[in-house]
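*Asks:* Below is target-v1.cif; it holds mmCIF, C-alpha atoms and all ligand atoms; chains and numbers go by the auth columns.
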```cif
data_entry
#
loop_
_atom_site.group_PDB
_atom_site.id
_atom_site.type_symbol
_atom_site.label_atom_id
_atom_site.label_comp_id
_atom_site.label_asym_id
_atom_site.label_seq_id
_atom_site.Cartn_x
_atom_site.Cartn_y
_atom_site.Cartn_z
_atom_site.B_iso_or_equiv
_atom_site.auth_seq_id
_atom_site.auth_asym_id
ATOM 1 C CA MET A 1 0.000 0.000 0.000 0.00 23 A
ATOM 2 C CA ASN A 2 1.360 3.379 -0.950 0.00 24 A
ATOM 3 C CA LEU A 3 0.009 5.686 1.701 0.00 25 A
ATOM 4 C CA SER A 4 1.366 8.859 0.127 0.00 26 A
ATOM 5 C CA GLU A 5 -0.480 8.173 -3.094 0.00 27 A
ATOM 6 C CA GLU A 6 -3.606 7.181 -1.243 0.00 28 A
ATOM 7 C CA ALA A 7 -3.602 10.287 0.948 0.00 29 A
ATOM 8 C CA LYS A 8 -3.574 12.568 -2.097 0.00 30 A
ATOM 9 C CA GLY A 9 -7.183 11.762 -2.815 0.00 31 A
ATOM 10 C CA TRP A 10 -8.339 12.614 0.684 0.00 32 A
ATOM 11 C CA SER A 11 -9.408 15.814 2.294 0.00 33 A
ATOM 12 C CA CYS A 12 -10.037 16.722 5.919 0.00 34 A
ATOM 13 C CA THR A 13 -13.550 16.080 7.140 0.00 35 A
ATOM 14 C CA ALA A 14 -13.287 19.034 9.533 0.00 36 A
ATOM 15 C CA CYS A 15 -11.905 21.822 7.331 0.00 37 A
ATOM 16 C CA GLY A 16 -11.667 20.362 3.823 0.00 38 A
ATOM 17 C CA LYS A 17 -7.933 20.955 3.408 0.00 39 A
ATOM 18 C CA PRO A 18 -5.884 18.298 1.603 0.00 40 A
ATOM 19 C CA LEU A 19 -4.148 15.691 3.702 0.00 41 A
ATOM 20 C CA GLU A 20 -0.443 15.073 3.824 0.00 42 A
ATOM 21 C CA VAL A 21 1.387 12.060 5.182 0.00 43 A
ATOM 22 C CA VAL A 22 3.290 12.729 8.379 0.00 44 A
ATOM 23 C CA LYS A 23 5.315 10.613 10.743 0.00 45 A
ATOM 24 C CA VAL A 24 3.550 9.957 14.026 0.00 46 A
ATOM 25 C CA SER A 25 5.294 8.267 16.900 0.00 47 A
ATOM 26 C CA PHE A 26 3.418 6.309 19.512 0.00 48 A
ATOM 27 C CA THR A 27 4.185 4.035 22.398 0.00 49 A
ATOM 28 C CA TYR A 28 2.718 0.567 22.499 0.00 50 A
ATOM 29 C CA MET A 29 3.594 -2.347 24.734 0.00 51 A
ATOM 30 C CA LYS A 30 6.754 -0.632 26.024 0.00 52 A
ATOM 31 C CA GLY A 31 7.968 0.004 22.503 0.00 53 A
ATOM 32 C CA ASN A 32 8.203 3.200 20.511 0.00 54 A
ATOM 33 C CA PHE A 33 7.035 3.114 16.938 0.00 55 A
ATOM 34 C CA GLU A 34 6.892 5.566 14.086 0.00 56 A
ATOM 35 C CA VAL A 35 4.163 5.263 11.521 0.00 57 A
ATOM 36 C CA ASP A 36 3.222 7.301 8.484 0.00 58 A
ATOM 37 C CA LEU A 37 -0.302 8.589 8.790 0.00 59 A
ATOM 38 C CA PRO A 38 -2.362 11.022 6.749 0.00 60 A
ATOM 39 C CA ALA A 39 -2.842 14.298 8.614 0.00 61 A
ATOM 40 C CA CYS A 40 -4.616 17.527 7.689 0.00 62 A
ATOM 41 C CA SER A 41 -2.354 20.313 6.447 0.00 63 A
ATOM 42 C CA GLY A 42 -4.830 22.844 7.826 0.00 64 A
ATOM 43 C CA CYS A 43 -5.925 21.808 11.320 0.00 65 A
ATOM 44 C CA GLY A 44 -3.482 18.971 12.007 0.00 66 A
ATOM 45 C CA LEU A 45 -6.142 16.315 12.446 0.00 67 A
ATOM 46 C CA VAL A 46 -4.579 12.876 12.084 0.00 68 A
ATOM 47 C CA LEU A 47 -6.701 10.303 10.373 0.00 69 A
ATOM 48 C CA VAL A 48 -6.318 6.752 11.575 0.00 70 A
ATOM 49 C CA SER A 49 -8.638 4.202 10.104 0.00 71 A
ATOM 50 C CA GLU A 50 -9.471 1.267 12.307 0.00 72 A
ATOM 51 C CA GLU A 51 -8.026 -1.084 9.722 0.00 73 A
ATOM 52 C CA LEU A 52 -4.781 0.871 9.581 0.00 74 A
ATOM 53 C CA ALA A 53 -4.506 1.156 13.357 0.00 75 A
ATOM 54 C CA THR A 54 -5.045 -2.544 13.987 0.00 76 A
ATOM 55 C CA GLY A 55 -2.648 -3.379 11.160 0.00 77 A
ATOM 56 C CA LYS A 56 0.047 -1.190 12.691 0.00 78 A
ATOM 57 C CA MET A 57 -0.591 -2.681 16.112 0.00 79 A
ATOM 58 C CA ALA A 58 -0.195 -6.157 14.670 0.00 80 A
ATOM 59 C CA ASP A 59 3.094 -5.058 13.095 0.00 81 A
ATOM 60 C CA ALA A 60 4.228 -3.661 16.414 0.00 82 A
ATOM 61 C CA GLU A 61 3.425 -6.876 18.221 0.00 83 A
ATOM 62 C CA ARG A 62 5.337 -8.850 15.615 0.00 84 A
ATOM 63 C CA ILE A 63 8.370 -6.579 16.021 0.00 85 A
ATOM 64 C CA LEU A 64 8.302 -7.020 19.785 0.00 86 A
ATOM 65 C CA GLU A 65 7.962 -10.784 19.529 0.00 87 A
ATOM 66 C CA ASP A 66 10.966 -10.967 17.251 0.00 88 A
ATOM 67 C CA LYS A 67 13.201 -9.390 19.868 0.00 89 A
HETATM 68 ZN ZN ZN B . -8.443 19.899 8.830 0.00 101 A
#
```
So that I can check it, write out the structure of this file as structure tokens.

*Replies:*
Amino acid sequence: MNLSEEAKGWSCTACGKPLEVVKVSFTYMKGNFEVDLPACSGCGLVLVSEELATGKMADAERILEDK
């Protein structure tokens, strides 16, 4: 999945500005992770779809298990 390409077709539901892909770091299960997520260039709203979030969480768990 190319998130950058996908995000180009989206606009913010709150202000209608185009989205851009930004790096967001989060902490999960004692690990720090950086993920690319589409965020609004106007108001900064970060869009996380449930599918994307659970997918990233699954990735994170896999990374931790590999250690
Ligand atoms: Zn916005």

*Asks:* List as JSON lines every residue of chain A that is in contact with ligand ZN 101 (chain A), defined as an atom at most 12 Å from one of its atoms (using all atoms listed in the file), together with the nearest atom pair and the distance in Å rounded to one decimal, sorted by chain and then rising number.

*Replies:*
```
{"residue": "A:Trp32", "atom": "CA", "partner": "A:ZN101", "partner_atom": "ZN", "distance": 10.9}
{"residue": "A:Ser33", "atom": "CA", "partner": "A:ZN101", "partner_atom": "ZN", "distance": 7.8}
{"residue": "A:Cys34", "atom": "CA", "partner": "A:ZN101", "partner_atom": "ZN", "distance": 4.6}
{"residue": "A:Thr35", "atom": "CA", "partner": "A:ZN101", "partner_atom": "ZN", "distance": 6.6}
{"residue": "A:Ala36", "atom": "CA", "partner": "A:ZN101", "partner_atom": "ZN", "distance": 5.0}
{"residue": "A:Cys37", "atom": "CA", "partner": "A:ZN101", "partner_atom": "ZN", "distance": 4.2}
{"residue": "A:Gly38", "atom": "CA", "partner": "A:ZN101", "partner_atom": "ZN", "distance": 6.0}
{"residue": "A:Lys39", "atom": "CA", "partner": "A:ZN101", "partner_atom": "ZN", "distance": 5.5}
{"residue": "A:Pro40", "atom": "CA", "partner": "A:ZN101", "partner_atom": "ZN", "distance": 7.8}
{"residue": "A:Leu41", "atom": "CA", "partner": "A:ZN101", "partner_atom": "ZN", "distance": 7.9}
{"residue": "A:Glu42", "atom": "CA", "partner": "A:ZN101", "partner_atom": "ZN", "distance": 10.6}
{"residue": "A:Pro60", "atom": "CA", "partner": "A:ZN101", "partner_atom": "ZN", "distance": 11.0}
{"residue": "A:Ala61", "atom": "CA", "partner": "A:ZN101", "partner_atom": "ZN", "distance": 7.9}
{"residue": "A:Cys62", "atom": "CA", "partner": "A:ZN101", "partner_atom": "ZN", "distance": 4.6}
{"residue": "A:Ser63", "atom": "CA", "partner": "A:ZN101", "partner_atom": "ZN", "distance": 6.6}
{"residue": "A:Gly64", "atom": "CA", "partner": "A:ZN101", "partner_atom": "ZN", "distance": 4.8}
{"residue": "A:Cys65", "atom": "CA", "partner": "A:ZN101", "partner_atom": "ZN", "distance": 4.0}
{"residue": "A:Gly66", "atom": "CA", "partner": "A:ZN101", "partner_atom": "ZN", "distance": 6.0}
{"residue": "A:Leu67", "atom": "CA", "partner": "A:ZN101", "partner_atom": "ZN", "distance": 5.6}
{"residue": "A:Val68", "atom": "CA", "partner": "A:ZN101", "partner_atom": "ZN", "distance": 8.7}
{"residue": "A:Leu69", "atom": "CA", "partner": "A:ZN101", "partner_atom": "ZN", "distance": 9.9}
```

*Asks:* What does the distance from atom CA of Gly31 of chain A to atom CA of Ala82 of chain A come to in Å, to one decimal?

*Replies:*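 Between these atoms lies a distance of 27.2 Å.
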
*Asks:* Report, in Å to a single decimal, how far apart atom CA of Arg84 of chain A and atom CA of Val43 of chain A are.

*Replies:*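 According to the coordinates, atom CA of Val43 of chain A and atom CA of Arg84 of chain A are separated by 23.7 Å.
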
*Asks:* Can you turn the PyMOL selection byres (((chain A and resi 44) around 6) and not hetatm) into a concrete residue list for this file, as number ranges by chain?

*Replies:* A: 43, 45, 58-59

*Asks:* Could the centre and edge lengths of an axis-aligned box, enclosing all atoms of segment 66-73 of chain A in the file with 4 Å extra on each side, be given in Å to one decimal as lines of an AutoDock Vina configuration file?

*Replies:*
```
center_x = -6.5
center_y = 8.9
center_z = 11.1
size_x = 14.0
size_y = 28.1
size_z = 10.7
```

*Asks:* At what distance in Å, to one decimal, does atom CA of Val70 of chain A lie from atom CA of Asp88 of chain A?

*Replies:*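 Taking atom CA of Asp88 of chain A as the start and atom CA of Val70 of chain A as the end point, the length is 25.4 Å.
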
*Asks:* Using all atoms listed in the file, which protein or nucleic acid residues come within 12 Å of segment 77-79 of chain A? Drop anything in the same chain fewer than 2 positions from it, and give the result as number ranges by chain.

*Replies:* A: 23, 46-51, 53-59, 70-75, 81-86
